[in-house]
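*Asks:* Quick one: this structure, given as structure tokens, is what I'll be asking you about.
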Amino acid sequence: MSDTAIKPRIEKVPVKEQFFQKLPVLLVPFLAIAGLAAIGNPASWLTLTVAGLAMGMMIFIMASGLTVVFGLMDVINFGHGAFVAVGAFVGFTVLAWLAGWTASPSVMLNLAAVLAAILAAMLVTGLLGYAFERVIVMPVYGEHLKQILVTMGGLIVAQQMIYVVWGPDELHISRPEALQGSLVIGEAAIEKYRLVAVGIGLALFLAMRHILKNTKVGLLVRAGVENGEMVEALGYRIRRLFLIVFMTGSALAGLGGVMWGLYQETITAHMGSEIMVLVFIVVIIGGLGSVEGCFIGALLVGLLANYTAFLAPKVALISTIALMVVILMWRPQGLYPVVKAK
Amino acid sequence: MLTRLLSGDTPRSGLLTVLLLIVLVSLAFAPFLFPGTKSLETAARICIFIVLVASYDLLLGYSGIVSFAHTMFFGIGAYGTALALNATGPSYWSLIWGTATGAIIAALFALAIGLFSLRVKAIFFAMVTLAVASAFAVLVSQMSWLTGGEDGLNYKIPRELTPAFKLVKEKVFGVRINGKLLAYYLVFFASAILFLVMLRIVNSPFGRTLKAVRDNAFRAEAIGYRVVWYRTTATVLSAVMAALAGSLLAIWLRYTGPATTLSMEIMIDILLMVVIGGMGTLYGAVLGATLFILAQTYLQNLMGVAADATSAVPFVSTLVAPERWLLWLGVLFILSVYFFPSGIVGRLRSGRA
């Protein structure tokens, strides 16, 4: 009897059902083709698509932290926008210090300056995330109402502190030499910076997927999403895990803030709360807690926002709301709902 | 009689009663007690915000729902009245139909949002309302042919409510009895009636059920109450009340624009007022709104003095600069959510018990 080990039985999902589960992935190319049909001119379509992808990637960077934090600990951080703004301000300060590097024609120095800005921003927002989690979020675990209120309060205080530290005016900075201008392919002009943004976003998504699927930390995070108590019962300190995830999410928001700031070239203290609207739409579309859903949602929102901004500028923000409504009609819990074993 | 008027929900604390009476008397006789344009503006603002904040408390305090779309309903009411006055001239008729249309549209919007997103989690509702409200604000500022865009709308109101109209030739107690005074009393009595209506709502069996749903939705459902129906009704009621408050603001200011009705800052102000005053009691709305608006108007002067006094210390002086008053209110907000979630009113009531 002892040699017949009990094998775990893994149910095979039928192909048809698998296809249905993966269906949301097809939405992105579908939207892109629909956009081509609506716009007509391939050159402007290409420009808009790259712009949309870049915007989507930046939103994804900011939203991913939020959604993982929610999935893991059932905490939605309404103050997430503060990290975006703080990240942008820190990044801009560093870039202003390194003005000599950003103005020089050398590509390496340019990129080094941007990298330094990003690292500084991520470091500061990561530490801020630590403080935020300890001081603001920790006392109100499990109470949604208080969480929303308290994190909102944190957002107010953080925004005001930005005014105190950096003054009430908006900051303006131009992108480093190497990231200015655009590449011309045929008739389509593609801004270099947008390509960089797409690259960073894609790399980040792949890295996150890899960490979540193939490492022990990722395994613990995924297990924690499904059943936190069980992970704790097995002897892992889920609080510490959560703190790490929270800090990472905050640091990513800071990264997103720098990138968004360089994209707009102007930053204000309430840029965070403005972007948060898009971030929330993306998180809802993707399904609260799901990284893949968040990625697809971000791309959809980015593409749609750019197409409609071209076709009918007045309804740009409404179109993303409409997208959210349509998707929720189809899948009320978002594209990839996170199933909790509770 | 009085208890009946208050729907049996008396303040239940000596100090609270005194404070509420002070607020009531000051607002009722504001034009005579505190003459001057600025103080009359402040008093009218307090009246309107008491209604607005109380209607938000209906949602946040009594139903446990966080909505960020409350300014949207406020704005719908204000724009309804403003557009009607603009379109059909400064008559009472256009005043009434504009207000009614605003309230109905707000109710329909609230119904749609509620049915759409209240079935799931509270957090979900908060996020959806945040997104919808900001989209609405953008839409309003873009549709400048209808709403005047960022500049907003200026319009005429019935002549009897403007300063040009003189009811009595002589001054009474040194105050001119003109249309502005009538407009103030219109705002005051309308606010008082709306407040009493809300007090009636929350102390009715419906209000009790709302509290039950707030405290334990699962249990309420099990007993046989349709939770979604109760939550949606609360959302609609609160939206209608907010829209009516918006109409009052439109009448009082004779101007309606995104900055005075729809902005996120106002939403945050409302949130602060509810929490600092006390969630789950309408009297909290009275105290919260009064204190907050007084602070907004007069605390900044005080902070200016503090900033001057500390001007030698560079960092501290920027911390207490008058523009940074929201920073301190934010800190106060967080502390009050932690340490006394029932706000000032809850504090006063428990102090007696």
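Labeling convention for the structure tokens: chains A, B, ... as they appear, residues from 1 per chain, ligands from 1 in order of appearance.
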Give the residues of chain B that lie within 10 Å of chain A; count only C-alpha atoms, and format the answer as a PyMOL selection string.
*Replies:* chain B and resi 60-61+64-66+116-117+119-124+126-136+138-139+141-143+264-265+268+271-272+275+315-321+323-338+341
*Asks:* Within 10 Å of Ala38 (chain A), counting only C-alpha atoms, which residues show up once you throw out same-chain ones fewer than 5 positions away? Write them as a ChimeraX atom specification, please.
*Replies:* /A:32-33,45,307-308,311
*Asks:* Could you dump the residues just selected with C-alpha atoms as a PDB file, in the first residue's frame?
*Replies:*
ATOM      1  CA  ALA A  32      -6.989  47.933 -32.699  1.00  0.00           C
ATOM      2  CA  ILE A  33      -8.585  46.583 -35.902  1.00  0.00           C
ATOM      3  CA  TRP A  45      -3.663  54.818 -36.965  1.00  0.00           C
ATOM      4  CA  TYR A 307      -8.735  56.656 -30.862  1.00  0.00           C
ATOM      5  CA  THR A 308     -11.666  58.613 -29.499  1.00  0.00           C
ATOM      6  CA  LEU A 311     -12.214  60.801 -33.785  1.00  0.00           C
TER       7      LEU A 311
END
*Asks:* Write out as a short mmCIF file (atom, residue, chain, number, x, y, z; two decimals) with N, CA and C atoms, in the first residue's frame the set of residues from region 85-328 of chain B that DSSP, computed on the backbone, places in strand (DSSP E).
*Replies:*
data_model
loop_
_atom_site.label_atom_id
_atom_site.label_comp_id
_atom_site.auth_asym_id
_atom_site.auth_seq_id
_atom_site.Cartn_x
_atom_site.Cartn_y
_atom_site.Cartn_z
N LEU B 153 -22.38 79.57 -15.73
CA LEU B 153 -23.54 80.33 -16.20
C LEU B 153 -23.85 81.46 -15.22
N ASN B 154 -24.10 82.64 -15.77
CA ASN B 154 -24.67 83.74 -14.99
C ASN B 154 -26.09 83.92 -15.48
N TYR B 255 -25.18 82.19 -9.93
CA TYR B 255 -24.10 81.74 -10.82
C TYR B 255 -23.94 80.25 -10.59
N THR B 256 -23.69 79.49 -11.66
CA THR B 256 -23.41 78.07 -11.50
C THR B 256 -22.24 77.72 -12.40
#
*Asks:* Got a sec: who's within 9 Å of Val221 (chain A), counting only C-alpha atoms, leaving out chain neighbours fewer than 4 positions off, as a ChimeraX atom specification?
*Replies:* /A:68,72,212,216-217,225-226,228,238,241-242,245
*Asks:* Would you return as a VMD selection string the members of region 64-259 of chain B that DSSP assigns to alpha helix (DSSP H) on this structure's backbone?
*Replies:* chain B and resid 70 to 88 92 to 117 122 to 142 144 to 147 179 to 202 205 to 215 217 to 223 227 to 253 258 to 259
*Asks:* Output C-alpha atoms for every residue in that selection, as a short mmCIF file (atom, residue, chain, number, x, y, z; two decimals), in the first residue's frame.
*Replies:*
data_model
loop_
_atom_site.label_atom_id
_atom_site.label_comp_id
_atom_site.auth_asym_id
_atom_site.auth_seq_id
_atom_site.Cartn_x
_atom_site.Cartn_y
_atom_site.Cartn_z
CA HIS B 70 -22.30 63.37 -4.49
CA THR B 71 -21.05 66.58 -6.06
CA MET B 72 -22.35 65.26 -9.36
CA PHE B 73 -25.90 65.23 -7.98
CA PHE B 74 -25.30 68.57 -6.33
CA GLY B 75 -24.21 69.90 -9.70
CA ILE B 76 -27.14 68.35 -11.57
CA GLY B 77 -29.52 70.21 -9.26
CA ALA B 78 -27.64 73.48 -9.62
CA TYR B 79 -27.36 73.22 -13.39
CA GLY B 80 -31.02 72.18 -13.69
CA THR B 81 -32.15 75.38 -12.00
CA ALA B 82 -29.55 77.49 -13.77
CA LEU B 83 -30.41 76.22 -17.24
CA ALA B 84 -34.12 76.60 -16.65
CA LEU B 85 -33.67 80.20 -15.50
CA ASN B 86 -31.46 80.82 -18.49
CA ALA B 87 -33.83 79.26 -20.99
CA THR B 88 -37.25 80.43 -19.88
CA TYR B 92 -40.84 81.40 -10.44
CA TRP B 93 -42.22 78.89 -12.85
CA SER B 94 -38.83 78.25 -14.45
CA LEU B 95 -37.33 78.13 -10.97
CA ILE B 96 -39.71 75.35 -10.02
CA TRP B 97 -39.51 73.27 -13.14
CA GLY B 98 -35.74 73.60 -13.29
CA THR B 99 -35.41 72.42 -9.72
CA ALA B 100 -37.83 69.56 -10.28
CA THR B 101 -36.10 68.45 -13.48
CA GLY B 102 -32.72 68.56 -11.76
CA ALA B 103 -34.01 66.43 -8.91
CA ILE B 104 -35.59 63.91 -11.27
CA ILE B 105 -32.49 63.59 -13.43
CA ALA B 106 -30.36 63.16 -10.31
CA ALA B 107 -32.73 60.42 -9.13
CA LEU B 108 -32.53 58.59 -12.46
CA PHE B 109 -28.74 58.83 -12.50
CA ALA B 110 -28.54 57.55 -8.96
CA LEU B 111 -30.89 54.71 -9.78
CA ALA B 112 -28.79 53.68 -12.76
CA ILE B 113 -25.51 53.81 -10.86
CA GLY B 114 -27.02 52.09 -7.86
CA LEU B 115 -28.58 49.20 -9.74
CA PHE B 116 -25.42 48.85 -11.74
CA SER B 117 -22.86 48.74 -9.00
CA ALA B 122 -18.79 48.84 -1.24
CA ILE B 123 -15.33 49.47 -2.64
CA PHE B 124 -16.58 48.84 -6.11
CA PHE B 125 -19.29 51.44 -5.72
CA ALA B 126 -16.78 53.98 -4.46
CA MET B 127 -14.53 53.45 -7.46
CA VAL B 128 -17.33 53.51 -10.01
CA THR B 129 -18.78 56.70 -8.59
CA LEU B 130 -15.36 58.34 -8.58
CA ALA B 131 -14.90 57.52 -12.25
CA VAL B 132 -18.41 58.53 -13.27
CA ALA B 133 -18.31 61.79 -11.32
CA SER B 134 -15.04 62.92 -12.84
CA ALA B 135 -16.24 62.00 -16.32
CA PHE B 136 -19.35 64.04 -15.65
CA ALA B 137 -17.31 67.03 -14.53
CA VAL B 138 -15.23 66.84 -17.71
CA LEU B 139 -18.35 66.52 -19.82
CA VAL B 140 -19.91 69.58 -18.24
CA SER B 141 -16.82 71.69 -18.81
CA GLN B 142 -16.63 70.51 -22.43
CA SER B 144 -19.77 74.87 -23.32
CA TRP B 145 -22.67 75.56 -25.69
CA LEU B 146 -25.03 74.30 -22.99
CA THR B 147 -23.26 74.81 -19.69
CA GLY B 179 -34.61 90.88 -2.01
CA LYS B 180 -31.26 89.48 -0.90
CA LEU B 181 -32.71 89.08 2.58
CA LEU B 182 -35.74 87.31 1.12
CA ALA B 183 -33.44 85.04 -0.85
CA TYR B 184 -31.57 84.26 2.35
CA TYR B 185 -34.75 83.30 4.15
CA LEU B 186 -35.84 81.21 1.20
CA VAL B 187 -32.56 79.32 1.49
CA PHE B 188 -32.84 79.12 5.27
CA PHE B 189 -36.39 77.77 5.42
CA ALA B 190 -35.93 75.43 2.49
CA SER B 191 -32.82 74.02 4.17
CA ALA B 192 -34.63 73.66 7.48
CA ILE B 193 -37.53 71.82 5.84
CA LEU B 194 -35.24 69.52 3.88
CA PHE B 195 -33.28 68.78 7.03
CA LEU B 196 -36.44 67.89 8.95
CA VAL B 197 -37.59 65.68 6.08
CA MET B 198 -34.29 63.81 6.22
CA LEU B 199 -34.61 63.48 9.97
CA ARG B 200 -38.02 61.96 9.33
CA ILE B 201 -36.57 59.53 6.79
CA VAL B 202 -33.78 58.24 8.99
CA PRO B 205 -38.85 52.10 9.74
CA PHE B 206 -37.03 52.53 6.45
CA GLY B 207 -34.17 54.29 8.21
CA ARG B 208 -33.98 51.57 10.84
CA THR B 209 -33.72 48.96 8.13
CA LEU B 210 -30.98 50.95 6.47
CA LYS B 211 -28.97 50.84 9.67
CA ALA B 212 -29.58 47.11 9.90
CA VAL B 213 -28.31 46.67 6.36
CA ARG B 214 -25.28 48.81 7.18
CA ASP B 215 -24.38 46.83 10.29
CA ALA B 217 -26.10 43.12 5.29
CA PHE B 218 -26.01 39.34 5.32
CA ARG B 219 -28.28 39.12 8.33
CA ALA B 220 -30.70 41.71 6.98
CA GLU B 221 -30.94 39.72 3.78
CA ALA B 222 -31.57 36.56 5.76
CA ILE B 223 -34.38 38.21 7.72
CA VAL B 227 -30.66 44.73 0.64
CA VAL B 228 -30.07 46.00 -2.89
CA TRP B 229 -33.44 47.70 -2.92
CA TYR B 230 -32.75 49.47 0.36
CA ARG B 231 -29.30 50.58 -0.69
CA THR B 232 -30.50 51.84 -4.05
CA THR B 233 -33.38 53.74 -2.49
CA ALA B 234 -31.00 55.38 -0.04
CA THR B 235 -28.75 56.38 -2.94
CA VAL B 236 -31.66 57.86 -4.85
CA LEU B 237 -33.01 59.77 -1.83
CA SER B 238 -29.63 61.17 -1.04
CA ALA B 239 -29.11 62.17 -4.67
CA VAL B 240 -32.44 64.01 -4.76
CA MET B 241 -31.60 65.87 -1.55
CA ALA B 242 -28.20 66.81 -2.93
CA ALA B 243 -29.81 68.05 -6.13
CA LEU B 244 -32.23 70.23 -4.15
CA ALA B 245 -29.31 71.66 -2.18
CA GLY B 246 -27.67 72.38 -5.53
CA SER B 247 -30.75 74.27 -6.67
CA LEU B 248 -30.63 76.37 -3.52
CA LEU B 249 -27.01 77.20 -4.23
CA ALA B 250 -27.89 78.15 -7.80
CA ILE B 251 -30.62 80.49 -6.57
CA TRP B 252 -28.42 82.02 -3.91
CA LEU B 253 -25.30 82.62 -6.00
CA PRO B 258 -17.97 73.59 -12.29
CA ALA B 259 -15.80 75.07 -9.54
#
*Asks:* Would you list the contacts of Arg209 (chain A) as a list of chain:residue names, taking every protein, DNA or RNA residue within 9 Å and counting only C-alpha atoms, but skipping same-chain residues closer than 5 positions in sequence?
*Replies:* A:Leu204, A:Asn214, A:Gly218, A:Val291, A:Glu292
*Asks:* Can you write out the residues you just picked, keeping C-alpha atoms, as a PDB file, in the first residue's frame?
*Replies:*
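What landed in result.pdb:
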ATOM      1  CA  LEU A 204       7.608  45.125 -16.276  1.00  0.00           C
ATOM      2  CA  ASN A 214       7.799  31.086 -11.174  1.00  0.00           C
ATOM      3  CA  GLY A 218       5.038  34.893  -6.328  1.00  0.00           C
ATOM      4  CA  VAL A 291      -2.633  41.457 -12.926  1.00  0.00           C
ATOM      5  CA  GLU A 292      -3.433  40.043 -16.378  1.00  0.00           C
TER       6      GLU A 292
END
